[in-house]
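Novice: This is the structure, below, for whatever I ask next.
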Amino acid sequence: MATFIATDPEGYEQYVGRASRRLAPTLVEHARIAANERVLDVGCGTGNLTIALSAVGASVTGIDLSAPYVEFARRRAAGANVNFDIGDALNLPYSDGAFDRTLSMLALDVLPDATRGIAEMRRVTRPGGTVIVLVNDFRSGWTPFSLLWDTAAALDPRAGAVRDEMVSKPLGWPGGLAALFHAGAFLSVSESRLSTLFEYDSFEDYWSTFLTGQGKTGSYVVSLAEAPRRELEQLVRAAYLCGLPDGHRAFTTWFWVVRGTVPDVA
């Protein structure tokens, strides 16, 4: 299985950040964050959501396990009302009820234990506060990545196994993330979908995002020997072009968002 690599923040920005910079303000608007609220961003990565939260006046803490990503985020957010910590989402280093809201964008599905991750988000959110999580719609809304994985799966059983493991996760299907919230005894659980665009100037721009080695997709591509990588590149190029001249492409990508309220203390 491919692992999620998080060592090169500039590479991640080229890989996913091109879309998450646009997605983050959309999620903040959807969450209806108020100024001066204490907000935690779990799995903050390179800081796109954290920065968007600070832009609306929230008092924000971002936490991520990747030290290079956190250091990059700190440099980007210098001077803002933001604090960043390096830490484990499964053992958050905060007291019970420390935050009014806890958000997580594109992180829960890569945790080794999503149930524990949700429980920790609930624990550090005050009673009456909300937890809001966004994950990929892997089955039907993961366009730029499905294009590569579906091609690779036809060439390499290992790629097929990785694709199937990612796509079959209940979190990426309708009701899957909401079920996790219900199991965690949240109140007023609601499920929505948000979308954004992944835009590329050319096939070279698109393909280069995987050569960063970041994430599961990048780590798989760079693990290939030269010959199979070239074969995959040529087939994916044909899928990207679809008989049209090379150039700009904009792929709509969809995400599941679930909100739940932390119950009052009995």
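Letters A, B, ... go to the chains of the structure tokens in the order shown; residues in each chain start at 1; ligands are counted from 1 in the same order.
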Run DSSP on the backbone and tell me which residues of segment 169-259 of chain A come out as alpha helix (DSSP H); list them as a ChimeraX atom specification.

Specialist: /A:176-183,203-208,215-223,226-241

Novice: Write out the residues from the selection above, keeping N, CA and C atoms, as a compact mmCIF listing (two decimals), in the first residue's frame.

Specialist:
# COMPACT_ATOMS: atom_id res chain seq x y z
N GLY A 176 -21.41 8.19 5.06
CA GLY A 176 -20.33 7.53 5.79
C GLY A 176 -19.75 8.37 6.90
N LEU A 177 -19.42 9.61 6.60
CA LEU A 177 -18.88 10.51 7.61
C LEU A 177 -19.95 10.85 8.64
N ALA A 178 -21.19 11.04 8.19
CA ALA A 178 -22.28 11.33 9.12
C ALA A 178 -22.49 10.19 10.11
N ALA A 179 -22.32 8.95 9.64
CA ALA A 179 -22.47 7.80 10.53
C ALA A 179 -21.44 7.84 11.65
N LEU A 180 -20.24 8.31 11.32
CA LEU A 180 -19.19 8.42 12.33
C LEU A 180 -19.57 9.46 13.39
N PHE A 181 -20.18 10.55 12.96
CA PHE A 181 -20.65 11.56 13.91
C PHE A 181 -21.78 11.02 14.78
N HIS A 182 -22.72 10.31 14.17
CA HIS A 182 -23.81 9.73 14.96
C HIS A 182 -23.26 8.74 16.00
N ALA A 183 -22.29 7.92 15.58
CA ALA A 183 -21.70 6.97 16.52
C ALA A 183 -20.97 7.68 17.65
N PHE A 203 -0.70 19.55 -19.45
CA PHE A 203 -0.46 18.22 -18.92
C PHE A 203 0.83 18.19 -18.10
N GLU A 204 1.84 18.87 -18.54
CA GLU A 204 3.10 18.91 -17.78
C GLU A 204 2.87 19.45 -16.37
N ASP A 205 2.05 20.50 -16.27
CA ASP A 205 1.72 21.06 -14.97
C ASP A 205 0.98 20.02 -14.12
N TYR A 206 0.01 19.34 -14.71
CA TYR A 206 -0.74 18.29 -14.01
C TYR A 206 0.17 17.16 -13.54
N TRP A 207 0.96 16.61 -14.46
CA TRP A 207 1.80 15.47 -14.13
C TRP A 207 2.86 15.82 -13.10
N SER A 208 3.37 17.04 -13.15
CA SER A 208 4.43 17.45 -12.22
C SER A 208 3.95 17.42 -10.78
N GLY A 215 1.65 12.95 -0.57
CA GLY A 215 0.40 12.22 -0.53
C GLY A 215 0.56 10.78 -0.98
N LYS A 216 -0.53 10.05 -1.05
CA LYS A 216 -0.48 8.66 -1.50
C LYS A 216 -0.23 8.56 -2.99
N THR A 217 -0.84 9.48 -3.76
CA THR A 217 -0.70 9.42 -5.21
C THR A 217 0.73 9.72 -5.62
N GLY A 218 1.28 10.79 -5.09
CA GLY A 218 2.66 11.13 -5.42
C GLY A 218 3.64 10.07 -4.99
N SER A 219 3.45 9.50 -3.79
CA SER A 219 4.38 8.48 -3.32
C SER A 219 4.32 7.24 -4.20
N TYR A 220 3.13 6.93 -4.74
CA TYR A 220 3.04 5.79 -5.65
C TYR A 220 3.77 6.08 -6.96
N VAL A 221 3.53 7.24 -7.55
CA VAL A 221 4.15 7.56 -8.85
C VAL A 221 5.66 7.54 -8.76
N VAL A 222 6.22 8.16 -7.73
CA VAL A 222 7.69 8.22 -7.66
C VAL A 222 8.29 6.88 -7.25
N SER A 223 7.47 5.94 -6.76
CA SER A 223 7.99 4.61 -6.42
C SER A 223 8.19 3.74 -7.65
N GLU A 226 11.52 3.53 -13.99
CA GLU A 226 11.39 4.47 -15.10
C GLU A 226 10.44 3.98 -16.18
N ALA A 227 10.55 2.73 -16.59
CA ALA A 227 9.73 2.23 -17.70
C ALA A 227 8.24 2.22 -17.36
N PRO A 228 7.82 1.64 -16.24
CA PRO A 228 6.38 1.69 -15.93
C PRO A 228 5.88 3.10 -15.66
N ARG A 229 6.74 3.97 -15.15
CA ARG A 229 6.30 5.34 -14.93
C ARG A 229 6.06 6.04 -16.27
N ARG A 230 6.93 5.79 -17.24
CA ARG A 230 6.73 6.39 -18.57
C ARG A 230 5.47 5.87 -19.23
N GLU A 231 5.20 4.56 -19.07
CA GLU A 231 3.99 3.98 -19.65
C GLU A 231 2.76 4.62 -19.02
N LEU A 232 2.75 4.74 -17.69
CA LEU A 232 1.63 5.37 -17.00
C LEU A 232 1.46 6.81 -17.46
N GLU A 233 2.57 7.53 -17.58
CA GLU A 233 2.50 8.93 -18.00
C GLU A 233 1.86 9.08 -19.38
N GLN A 234 2.22 8.23 -20.30
CA GLN A 234 1.68 8.34 -21.66
C GLN A 234 0.18 8.04 -21.69
N LEU A 235 -0.25 7.06 -20.92
CA LEU A 235 -1.68 6.73 -20.90
C LEU A 235 -2.49 7.80 -20.18
N VAL A 236 -1.94 8.34 -19.10
CA VAL A 236 -2.63 9.41 -18.39
C VAL A 236 -2.67 10.67 -19.24
N ARG A 237 -1.60 10.91 -20.01
CA ARG A 237 -1.60 12.06 -20.93
C ARG A 237 -2.78 11.97 -21.90
N ALA A 238 -3.01 10.78 -22.46
CA ALA A 238 -4.11 10.61 -23.40
C ALA A 238 -5.46 10.89 -22.72
N ALA A 239 -5.59 10.47 -21.45
CA ALA A 239 -6.83 10.72 -20.72
C ALA A 239 -6.99 12.21 -20.41
N TYR A 240 -5.91 12.88 -20.11
CA TYR A 240 -5.95 14.32 -19.84
C TYR A 240 -6.34 15.08 -21.10
N LEU A 241 -5.74 14.72 -22.23
CA LEU A 241 -5.99 15.45 -23.47
C LEU A 241 -7.37 15.16 -24.04

Novice: Give the strand (DSSP E) residues of segment 28-266 of chain A, as DSSP finds them on the backbone, and put them as a ChimeraX atom specification.

Specialist: /A:38-42,59-64,82-86,99-105,125-136,187-200,249-261

Novice: Looking at A:Gly97, A:Gly117, A:Leu148, A:Glu165, which one is nearest to Asp264 of chain A, with distances taken over only C-alpha atoms?

Specialist: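 Using only C-alpha atoms, Asp264 of chain A sits closest to A:Gly97.
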
Novice: Need to verify the contact set: Ile118 of chain A, 9 Å, only C-alpha atoms, exclusion of same-chain residues closer than 5 positions in sequence. Can you return it as a ChimeraX atom specification?

Specialist: /A:90,108,113,123,131,133,180-181,184

Novice: Restrict the selected residues to N, CA, C and O atoms and save them as a short mmCIF file (atom, residue, chain, number, x, y, z; two decimals), in the first residue's frame.

Specialist:
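Okay, selection.cif is ready:
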data_model
loop_
_atom_site.label_atom_id
_atom_site.label_comp_id
_atom_site.auth_asym_id
_atom_site.auth_seq_id
_atom_site.Cartn_x
_atom_site.Cartn_y
_atom_site.Cartn_z
N LEU A 90 -4.69 12.14 17.08
CA LEU A 90 -5.29 11.10 17.90
C LEU A 90 -5.02 11.29 19.38
O LEU A 90 -5.58 10.56 20.22
N LEU A 108 -9.05 13.76 8.00
CA LEU A 108 -9.59 12.64 8.78
C LEU A 108 -9.39 11.30 8.07
O LEU A 108 -9.09 10.29 8.71
N ASP A 113 -6.92 6.03 12.65
CA ASP A 113 -8.12 5.70 13.41
C ASP A 113 -9.06 6.90 13.38
O ASP A 113 -8.98 7.80 14.23
N ARG A 123 -13.84 15.94 22.19
CA ARG A 123 -13.36 16.19 23.57
C ARG A 123 -12.87 17.62 23.77
O ARG A 123 -13.14 18.24 24.80
N VAL A 131 -18.28 20.57 15.73
CA VAL A 131 -17.16 19.94 15.01
C VAL A 131 -17.59 19.83 13.55
O VAL A 131 -18.70 19.38 13.25
N VAL A 133 -16.14 18.57 9.71
CA VAL A 133 -15.09 17.80 9.02
C VAL A 133 -15.40 17.72 7.54
O VAL A 133 -16.55 17.48 7.15
N LEU A 180 -20.24 8.31 11.32
CA LEU A 180 -19.19 8.42 12.33
C LEU A 180 -19.57 9.46 13.39
O LEU A 180 -19.34 9.25 14.59
N PHE A 181 -20.18 10.55 12.96
CA PHE A 181 -20.65 11.56 13.91
C PHE A 181 -21.78 11.02 14.78
O PHE A 181 -21.82 11.28 15.99
N GLY A 184 -20.49 8.89 17.38
CA GLY A 184 -19.82 9.68 18.40
C GLY A 184 -20.77 10.48 19.27
O GLY A 184 -20.32 11.30 20.09
#

Novice: Within 8 Å of segment 44-54 of chain A, counting only C-alpha atoms, which residues show up once you throw out same-chain ones fewer than 5 positions away? Write them as a ChimeraX atom specification, please.

Specialist: /A:9,12-13,17,20-21,24-25,28,33,39,59-64,66,69-70,72-74,76-77,80-82,104-105,107

Novice: Within 8 Å of Trp149 of chain A, counting only C-alpha atoms, which residues show up once you throw out same-chain ones fewer than 6 positions away? Write them as a PyMOL selection string, please.

Specialist: chain A and resi 159-160+163+217

Novice: Go ahead and save the residues from that selection, with all heavy atoms, as a CSV table (one decimal), in the first residue's frame.

Specialist:
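result08.csv, freshly written:
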chain,number,residue,atom,x,y,z
A,159,ALA,N,-1.4,-0.9,-7.7
A,159,ALA,CA,-2.2,0.4,-7.8
A,159,ALA,C,-3.6,0.1,-7.7
A,159,ALA,O,-4.4,0.9,-7.0
A,159,ALA,CB,-1.9,1.1,-9.2
A,160,GLY,N,-4.1,-1.0,-8.2
A,160,GLY,CA,-5.5,-1.3,-8.0
A,160,GLY,C,-5.9,-1.5,-6.6
A,160,GLY,O,-7.0,-1.1,-6.1
A,163,ARG,N,-6.0,2.0,-4.9
A,163,ARG,CA,-7.2,2.7,-5.3
A,163,ARG,C,-8.4,2.1,-4.6
A,163,ARG,O,-9.2,2.9,-4.1
A,163,ARG,CB,-7.4,2.6,-6.9
A,163,ARG,CG,-8.7,3.3,-7.4
A,163,ARG,CD,-9.1,2.7,-8.7
A,163,ARG,NE,-9.4,1.3,-8.7
A,163,ARG,CZ,-9.8,0.6,-9.7
A,163,ARG,NH1,-9.9,1.2,-10.9
A,163,ARG,NH2,-10.1,-0.7,-9.6
A,217,THR,N,-0.8,9.5,-3.8
A,217,THR,CA,-0.7,9.4,-5.2
A,217,THR,C,0.7,9.7,-5.6
A,217,THR,O,1.3,9.0,-6.4
A,217,THR,CB,-1.7,10.4,-5.9
A,217,THR,OG1,-3.0,10.2,-5.4
A,217,THR,CG2,-1.7,10.2,-7.4
